[in-house]
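Peer 1: Structure: structure.cif, mmCIF, C-alpha atoms and all ligand atoms.
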```
data_work
#
loop_
_atom_site.label_atom_id
_atom_site.label_comp_id
_atom_site.auth_asym_id
_atom_site.auth_seq_id
_atom_site.Cartn_x
_atom_site.Cartn_y
_atom_site.Cartn_z
CA MET A 1 -3.14 58.06 1.18
CA PHE A 2 -4.15 55.99 -1.81
CA SER A 3 -4.35 57.82 -5.07
CA TYR A 4 -5.64 56.12 -8.19
CA PHE A 5 -3.80 58.64 -10.32
CA GLU A 6 -0.48 57.78 -8.71
CA THR A 7 -0.56 54.51 -10.66
CA LYS A 8 -1.18 56.36 -13.92
CA LYS A 9 1.96 58.51 -13.90
CA ARG A 10 3.75 58.53 -17.23
CA LEU A 11 5.76 55.32 -17.44
CA ASN A 12 7.20 53.88 -20.61
CA MET A 13 8.16 50.20 -20.58
CA LEU A 14 10.75 50.74 -23.34
CA ASN A 15 12.75 52.89 -20.90
CA TYR A 16 12.67 50.10 -18.30
CA THR A 17 13.44 47.17 -20.62
CA ASN A 18 15.79 48.96 -23.07
CA PHE A 19 14.13 46.94 -25.86
CA LYS A 20 15.07 48.39 -29.26
CA PHE A 21 14.20 45.67 -31.78
CA CYS A 22 11.00 43.73 -32.31
CA PRO A 23 11.45 40.14 -31.02
CA ASN A 24 9.13 38.93 -33.81
CA CYS A 25 10.35 40.67 -37.00
CA GLY A 26 13.64 42.18 -35.82
CA ARG A 27 12.89 45.69 -37.07
CA GLU A 28 13.63 48.82 -35.03
CA THR A 29 10.01 49.97 -35.13
CA LEU A 30 8.78 49.65 -31.55
CA SER A 31 6.62 52.26 -29.94
CA ILE A 32 4.84 52.53 -26.64
CA LEU A 33 1.19 51.39 -26.53
CA GLU A 34 0.43 51.84 -22.83
CA GLN A 35 2.78 52.38 -19.90
CA ASN A 36 3.38 48.61 -19.74
CA ALA A 37 2.89 47.66 -23.39
CA MET A 38 4.66 48.12 -26.71
CA VAL A 39 3.62 47.65 -30.32
CA CYS A 40 5.72 46.94 -33.39
CA ASN A 41 4.71 49.29 -36.18
CA SER A 42 6.00 46.85 -38.83
CA CYS A 43 4.45 43.48 -37.90
CA GLY A 44 1.84 44.56 -35.36
CA LEU A 45 3.20 42.54 -32.41
CA LYS A 46 1.86 43.76 -29.10
CA TYR A 47 3.76 42.84 -25.96
CA PHE A 48 2.97 43.60 -22.32
CA HIS A 49 5.70 44.02 -19.71
CA ASN A 50 3.21 43.09 -17.01
CA THR A 51 3.57 43.45 -13.26
CA ALA A 52 5.21 40.32 -11.84
CA ALA A 53 3.87 38.53 -8.75
CA ALA A 54 6.27 38.02 -5.86
CA VAL A 55 6.01 36.92 -2.23
CA GLY A 56 7.80 37.73 1.00
CA GLY A 57 7.64 36.05 4.41
CA ILE A 58 8.18 37.65 7.80
CA ILE A 59 9.26 34.83 10.12
CA THR A 60 8.62 35.71 13.73
CA THR A 61 11.05 33.93 16.04
CA PRO A 62 11.66 34.28 19.81
CA LYS A 63 14.83 36.22 18.85
CA GLY A 64 13.02 38.62 16.50
CA ILE A 65 12.12 38.60 12.83
CA VAL A 66 14.40 36.98 10.27
CA LEU A 67 16.33 39.31 7.96
CA ALA A 68 18.56 37.97 5.22
CA GLU A 69 21.67 39.78 3.99
CA ARG A 70 21.60 39.47 0.20
CA ALA A 71 24.58 37.64 -1.30
CA CYS A 72 23.69 38.56 -4.89
CA GLU A 73 22.74 41.56 -6.98
CA PRO A 74 20.51 43.49 -7.03
CA SER A 75 21.16 45.19 -3.69
CA LYS A 76 23.97 42.83 -2.62
CA GLY A 77 24.83 43.35 1.07
CA MET A 78 21.45 44.91 1.84
CA LEU A 79 18.78 43.34 4.03
CA ASP A 80 15.66 41.62 2.80
CA ILE A 81 13.03 39.18 3.96
CA PRO A 82 12.99 35.70 2.41
CA GLY A 83 10.88 35.37 -0.73
CA GLY A 84 10.94 35.73 -4.48
CA PHE A 85 8.96 35.57 -7.71
CA ALA A 86 6.00 33.27 -8.27
CA ASN A 87 6.60 30.68 -10.96
CA TYR A 88 4.28 29.97 -13.88
CA ASN A 89 1.20 28.02 -12.71
CA GLU A 90 2.05 28.51 -9.03
CA SER A 91 -0.14 29.97 -6.28
CA LEU A 92 1.23 32.70 -4.01
CA GLU A 93 0.98 30.28 -1.09
CA ASN A 94 3.06 27.67 -2.90
CA ALA A 95 5.54 30.30 -4.05
CA LEU A 96 6.01 31.25 -0.38
CA ARG A 97 6.42 27.60 0.68
CA ARG A 98 8.92 26.94 -2.12
CA GLU A 99 10.97 30.13 -1.65
CA LEU A 100 11.32 29.62 2.10
CA PHE A 101 12.36 26.04 1.53
CA GLU A 102 14.89 27.02 -1.15
CA GLU A 103 16.33 29.94 0.84
CA LEU A 104 16.21 28.64 4.42
CA HIS A 105 15.41 24.91 4.11
CA ILE A 106 12.32 25.13 6.28
CA GLN A 107 8.90 23.65 5.52
CA ILE A 108 6.35 26.18 6.65
CA THR A 109 2.76 25.23 7.46
CA ARG A 110 1.28 28.15 9.39
CA PHE A 111 1.23 31.56 7.74
CA ARG A 112 -1.24 34.31 6.91
CA TYR A 113 -1.48 37.08 4.35
CA ILE A 114 -0.76 40.62 5.59
CA ALA A 115 -0.88 43.00 2.60
CA SER A 116 0.80 43.70 -0.74
CA PHE A 117 3.21 46.43 -1.75
CA PRO A 118 4.57 47.39 -5.18
CA ASN A 119 8.27 47.28 -5.92
CA GLU A 120 10.74 47.93 -8.74
CA TYR A 121 13.38 45.25 -9.24
CA THR A 122 16.26 45.84 -11.66
CA TYR A 123 18.28 42.85 -12.81
CA ALA A 124 20.72 42.65 -15.73
CA GLY A 125 19.60 46.01 -17.10
CA VAL A 126 15.86 45.29 -17.08
CA THR A 127 13.50 46.78 -14.52
CA TYR A 128 10.57 44.61 -13.47
CA PHE A 129 7.57 46.11 -11.72
CA THR A 130 6.46 43.63 -9.09
CA ILE A 131 3.63 43.30 -6.65
CA ASP A 132 4.97 41.74 -3.45
CA SER A 133 2.40 39.83 -1.41
CA MET A 134 3.58 39.67 2.17
CA PHE A 135 2.85 36.91 4.68
CA LEU A 136 3.42 36.48 8.40
CA VAL A 137 5.03 33.08 9.04
CA GLU A 138 4.60 31.46 12.43
CA TRP A 139 7.74 30.16 14.11
CA ASP A 140 8.01 26.42 14.64
CA PRO A 141 10.61 25.37 17.28
CA MET A 142 11.51 22.49 14.95
CA PHE A 143 12.83 24.95 12.33
CA THR A 144 16.57 25.02 11.69
CA LEU A 145 17.41 27.94 9.42
CA THR A 146 19.99 26.80 6.86
CA PRO A 147 20.59 29.68 4.43
CA SER A 148 21.14 29.02 0.71
CA ASP A 149 23.91 30.60 -1.40
CA GLU A 150 21.60 33.55 -2.12
CA ILE A 151 21.94 34.64 1.52
CA ALA A 152 25.24 35.90 2.94
CA ARG A 153 23.96 35.61 6.52
CA ILE A 154 20.86 35.68 8.68
CA GLN A 155 20.09 38.35 11.25
CA PHE A 156 17.36 38.57 13.86
CA ALA A 157 15.83 41.99 14.41
CA ASP A 158 13.32 43.74 16.61
CA ILE A 159 10.72 45.19 14.25
CA LYS A 160 10.89 48.52 16.11
CA ASN A 161 14.68 48.84 15.72
CA ILE A 162 15.22 48.12 12.06
CA ASP A 163 17.47 50.48 10.12
CA PHE A 164 15.27 51.24 7.11
CA ASP A 165 18.31 52.53 5.15
CA LYS A 166 19.75 49.00 5.15
CA LEU A 167 16.64 47.45 3.60
CA ALA A 168 17.08 46.44 -0.05
CA PHE A 169 13.59 47.19 -1.33
CA SER A 170 10.93 49.85 -0.93
CA SER A 171 8.20 47.19 -0.63
CA THR A 172 9.88 45.84 2.53
CA ARG A 173 10.19 49.36 3.98
CA LYS A 174 6.48 49.93 3.31
CA LEU A 175 5.64 46.53 4.84
CA PHE A 176 7.55 47.22 8.06
CA ALA A 177 5.98 50.67 8.36
CA TYR A 178 2.54 49.05 7.89
CA ILE A 179 3.28 46.37 10.51
CA ILE A 180 4.41 48.95 13.07
CA GLU A 181 1.49 51.28 12.34
CA ASN A 182 -1.07 48.48 12.69
CA GLY A 183 0.57 46.68 15.62
CA ILE A 184 0.74 43.38 13.68
CA ILE A 185 3.91 42.32 15.49
CA ARG A 186 4.44 43.54 19.04
ZN ZN B 201 7.78 43.45 -35.50
#
```
Before we go any further, please render this structure as structure tokens.
Ligand SMILES: [Zn+2]
Peer 2:
Amino acid sequence: MFSYFETKKRLNMLNYTNFKFCPNCGRETLSILEQNAMVCNSCGLKYFHNTAAAVGGIITTPKGIVLAERACEPSKGMLDIPGGFANYNESLENALRRELFEELHIQITRFRYIASFPNEYTYAGVTYFTIDSMFLVEWDPMFTLTPSDEIARIQFADIKNIDFDKLAFSSTRKLFAYIIENGIIR
């Protein structure tokens, strides 16, 4: 069940970024301001390690939903759905269109929002807190899935038979549980 206080648990962005020195004045005088914000006690810089927006697309095909085996870290070899971070000045819808084109070379037109799930994504020693907005993408028989270098291979899976231990991210596990619970894909 949803708990407001769950989101308030004691987090410290300096532990997740490993920042030691102020990027403005270079002094080692950073301290935590809020869970996602730091302040430099020398020059007064305030910096927010804000939640990052990301998207994911569940493509429903006659063979099942599309799962991508990750070819890169983090979670190399684990399964994921296609998607990624929203760029600056980009809508979630356009981020989804762009990511699915970049990763699978398909141009999607019909999709709808399902729900969003938080995730933690660690890359090169920095942990990003993301909010992953998930979309259901309608299959078009004209699609030819051509994976990019980021994907080792494509698998098709029955939503009811997915091995949750092989999923790369907790947001995808929560999404699949939500889909099953609400009968979104049958
Ligand atoms: Zn400073």
Peer 1: Neighbours of range 115-130 of chain A within 6 Å (all atoms listed in the file; same-chain residues fewer than 6 positions away dropped), as a PyMOL selection string?
Peer 2: chain A and resi 16-17+51-53+171
Peer 1: Give me the residues within 12 Å of range 28-37 of chain A as a PyMOL selection string, counting all atoms listed in the file and dropping any in the same chain fewer than 6 places off.
Peer 2: chain A and resi 7-22+43-52+127-129
Peer 1: From the list A:Cys40, A:Ile108, A:Leu167, A:Val66, which residue is nearest ligand ZN 201 (chain B) when using only C-alpha atoms and all ligand atoms?
Peer 2: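 Among the listed residues, the smallest separation from ligand ZN 201 (chain B) belongs to A:Cys40.
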Peer 1: Would you pick out the contacts of range 61-63 of chain A at 10 Å or less, using all atoms listed in the file, so that residues sharing its chain but fewer than 4 positions from it are not included, and give the list as a ChimeraX atom specification?
Peer 2: /A:137-141,143,155-158
Peer 1: Take the residues from that selection and write them out as a PDB file, in the coordinates of the input, keeping C-alpha atoms.
Peer 2:
```
ATOM      1  CA  VAL A 137       5.030  33.080   9.040  1.00  0.00           C
ATOM      2  CA  GLU A 138       4.600  31.460  12.430  1.00  0.00           C
ATOM      3  CA  TRP A 139       7.740  30.160  14.110  1.00  0.00           C
ATOM      4  CA  ASP A 140       8.010  26.420  14.640  1.00  0.00           C
ATOM      5  CA  PRO A 141      10.610  25.370  17.280  1.00  0.00           C
ATOM      6  CA  PHE A 143      12.830  24.950  12.330  1.00  0.00           C
ATOM      7  CA  GLN A 155      20.090  38.350  11.250  1.00  0.00           C
ATOM      8  CA  PHE A 156      17.360  38.570  13.860  1.00  0.00           C
ATOM      9  CA  ALA A 157      15.830  41.990  14.410  1.00  0.00           C
ATOM     10  CA  ASP A 158      13.320  43.740  16.610  1.00  0.00           C
TER      11      ASP A 158
END
```
Peer 1: Report the distance between CA of Asn94 in chain A and CA of Met134 in chain A in Å, rounded to one decimal place.
Peer 2: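 We find that CA of Asn94 in chain A and CA of Met134 in chain A lie 13.0 Å from each other.
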Peer 1: Here is a test: counting only C-alpha atoms, which residue of A:Met38, A:Ile154, A:Ile184, A:Ala168 is nearest to Leu67 in chain A?
Peer 2: A:Ile154
Peer 1: Mind filling out range 166-177 of chain A with all heavy atoms and sending it as a PDB file, keeping the file's coordinate frame?
Peer 2:
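Done, and the output landed in out03.pdb:
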```pdb
ATOM      1  N   LYS A 166      19.037  50.227   5.532  1.00  0.00           N
ATOM      2  CA  LYS A 166      19.750  49.000   5.150  1.00  0.00           C
ATOM      3  C   LYS A 166      18.850  48.010   4.418  1.00  0.00           C
ATOM      4  O   LYS A 166      19.302  46.949   3.993  1.00  0.00           O
ATOM      5  CB  LYS A 166      20.350  48.332   6.402  1.00  0.00           C
ATOM      6  CG  LYS A 166      21.502  49.133   6.989  1.00  0.00           C
ATOM      7  CD  LYS A 166      22.294  48.330   7.989  1.00  0.00           C
ATOM      8  CE  LYS A 166      23.498  49.135   8.460  1.00  0.00           C
ATOM      9  NZ  LYS A 166      23.630  49.148   9.916  1.00  0.00           N
ATOM     10  N   LEU A 167      17.571  48.355   4.280  1.00  0.00           N
ATOM     11  CA  LEU A 167      16.640  47.450   3.600  1.00  0.00           C
ATOM     12  C   LEU A 167      16.791  47.593   2.077  1.00  0.00           C
ATOM     13  O   LEU A 167      16.890  48.709   1.558  1.00  0.00           O
ATOM     14  CB  LEU A 167      15.201  47.739   4.021  1.00  0.00           C
ATOM     15  CG  LEU A 167      14.908  47.481   5.497  1.00  0.00           C
ATOM     16  CD1 LEU A 167      13.500  47.949   5.853  1.00  0.00           C
ATOM     17  CD2 LEU A 167      15.067  45.998   5.847  1.00  0.00           C
ATOM     18  N   ALA A 168      16.807  46.453   1.392  1.00  0.00           N
ATOM     19  CA  ALA A 168      17.080  46.440  -0.050  1.00  0.00           C
ATOM     20  C   ALA A 168      15.957  47.059  -0.867  1.00  0.00           C
ATOM     21  O   ALA A 168      16.217  47.716  -1.865  1.00  0.00           O
ATOM     22  CB  ALA A 168      17.325  45.005  -0.501  1.00  0.00           C
ATOM     23  N   PHE A 169      14.701  46.852  -0.443  1.00  0.00           N
ATOM     24  CA  PHE A 169      13.590  47.190  -1.330  1.00  0.00           C
ATOM     25  C   PHE A 169      12.536  48.072  -0.658  1.00  0.00           C
ATOM     26  O   PHE A 169      12.255  47.926   0.531  1.00  0.00           O
ATOM     27  CB  PHE A 169      12.928  45.909  -1.846  1.00  0.00           C
ATOM     28  CG  PHE A 169      13.881  45.038  -2.594  1.00  0.00           C
ATOM     29  CD1 PHE A 169      14.233  43.791  -2.109  1.00  0.00           C
ATOM     30  CD2 PHE A 169      14.468  45.479  -3.771  1.00  0.00           C
ATOM     31  CE1 PHE A 169      15.138  42.988  -2.793  1.00  0.00           C
ATOM     32  CE2 PHE A 169      15.372  44.689  -4.464  1.00  0.00           C
ATOM     33  CZ  PHE A 169      15.700  43.441  -3.969  1.00  0.00           C
ATOM     34  N   SER A 170      11.931  48.928  -1.469  1.00  0.00           N
ATOM     35  CA  SER A 170      10.930  49.850  -0.930  1.00  0.00           C
ATOM     36  C   SER A 170       9.689  49.097  -0.452  1.00  0.00           C
ATOM     37  O   SER A 170       9.025  49.526   0.483  1.00  0.00           O
ATOM     38  CB  SER A 170      10.558  50.903  -1.963  1.00  0.00           C
ATOM     39  OG  SER A 170       9.799  50.328  -2.991  1.00  0.00           O
ATOM     40  N   SER A 171       9.386  47.937  -1.075  1.00  0.00           N
ATOM     41  CA  SER A 171       8.200  47.190  -0.630  1.00  0.00           C
ATOM     42  C   SER A 171       8.390  46.672   0.800  1.00  0.00           C
ATOM     43  O   SER A 171       7.430  46.625   1.570  1.00  0.00           O
ATOM     44  CB  SER A 171       7.908  46.025  -1.581  1.00  0.00           C
ATOM     45  OG  SER A 171       9.027  45.187  -1.718  1.00  0.00           O
ATOM     46  N   THR A 172       9.614  46.316   1.160  1.00  0.00           N
ATOM     47  CA  THR A 172       9.880  45.840   2.530  1.00  0.00           C
ATOM     48  C   THR A 172       9.807  47.003   3.523  1.00  0.00           C
ATOM     49  O   THR A 172       9.287  46.851   4.621  1.00  0.00           O
ATOM     50  CB  THR A 172      11.271  45.163   2.605  1.00  0.00           C
ATOM     51  OG1 THR A 172      11.444  44.347   1.459  1.00  0.00           O
ATOM     52  CG2 THR A 172      11.399  44.325   3.857  1.00  0.00           C
ATOM     53  N   ARG A 173      10.301  48.175   3.103  1.00  0.00           N
ATOM     54  CA  ARG A 173      10.190  49.360   3.980  1.00  0.00           C
ATOM     55  C   ARG A 173       8.718  49.690   4.227  1.00  0.00           C
ATOM     56  O   ARG A 173       8.313  49.963   5.355  1.00  0.00           O
ATOM     57  CB  ARG A 173      10.907  50.561   3.339  1.00  0.00           C
ATOM     58  CG  ARG A 173      12.421  50.456   3.401  1.00  0.00           C
ATOM     59  CD  ARG A 173      13.091  51.787   3.028  1.00  0.00           C
ATOM     60  NE  ARG A 173      13.085  52.009   1.600  1.00  0.00           N
ATOM     61  CZ  ARG A 173      14.015  51.548   0.766  1.00  0.00           C
ATOM     62  NH1 ARG A 173      15.043  50.886   1.219  1.00  0.00           N
ATOM     63  NH2 ARG A 173      13.936  51.789  -0.527  1.00  0.00           N
ATOM     64  N   LYS A 174       7.915  49.633   3.161  1.00  0.00           N
ATOM     65  CA  LYS A 174       6.480  49.930   3.310  1.00  0.00           C
ATOM     66  C   LYS A 174       5.808  48.874   4.186  1.00  0.00           C
ATOM     67  O   LYS A 174       4.935  49.186   5.001  1.00  0.00           O
ATOM     68  CB  LYS A 174       5.797  49.970   1.938  1.00  0.00           C
ATOM     69  CG  LYS A 174       6.134  51.202   1.136  1.00  0.00           C
ATOM     70  CD  LYS A 174       5.469  51.131  -0.236  1.00  0.00           C
ATOM     71  CE  LYS A 174       6.238  51.924  -1.265  1.00  0.00           C
ATOM     72  NZ  LYS A 174       6.142  51.365  -2.611  1.00  0.00           N
ATOM     73  N   LEU A 175       6.196  47.622   4.034  1.00  0.00           N
ATOM     74  CA  LEU A 175       5.640  46.530   4.840  1.00  0.00           C
ATOM     75  C   LEU A 175       5.935  46.747   6.322  1.00  0.00           C
ATOM     76  O   LEU A 175       5.042  46.647   7.167  1.00  0.00           O
ATOM     77  CB  LEU A 175       6.232  45.197   4.379  1.00  0.00           C
ATOM     78  CG  LEU A 175       5.997  44.012   5.316  1.00  0.00           C
ATOM     79  CD1 LEU A 175       4.530  43.600   5.296  1.00  0.00           C
ATOM     80  CD2 LEU A 175       6.881  42.819   4.931  1.00  0.00           C
ATOM     81  N   PHE A 176       7.194  47.055   6.644  1.00  0.00           N
ATOM     82  CA  PHE A 176       7.550  47.220   8.060  1.00  0.00           C
ATOM     83  C   PHE A 176       6.828  48.426   8.660  1.00  0.00           C
ATOM     84  O   PHE A 176       6.390  48.374   9.807  1.00  0.00           O
ATOM     85  CB  PHE A 176       9.073  47.341   8.221  1.00  0.00           C
ATOM     86  CG  PHE A 176       9.808  46.044   7.992  1.00  0.00           C
ATOM     87  CD1 PHE A 176      11.168  46.020   7.762  1.00  0.00           C
ATOM     88  CD2 PHE A 176       9.133  44.828   8.013  1.00  0.00           C
ATOM     89  CE1 PHE A 176      11.849  44.814   7.556  1.00  0.00           C
ATOM     90  CE2 PHE A 176       9.788  43.616   7.810  1.00  0.00           C
ATOM     91  CZ  PHE A 176      11.149  43.620   7.575  1.00  0.00           C
ATOM     92  N   ALA A 177       6.715  49.491   7.879  1.00  0.00           N
ATOM     93  CA  ALA A 177       5.980  50.670   8.360  1.00  0.00           C
ATOM     94  C   ALA A 177       4.519  50.284   8.632  1.00  0.00           C
ATOM     95  O   ALA A 177       3.937  50.682   9.652  1.00  0.00           O
ATOM     96  CB  ALA A 177       6.061  51.799   7.335  1.00  0.00           C
TER      97      ALA A 177
END
```
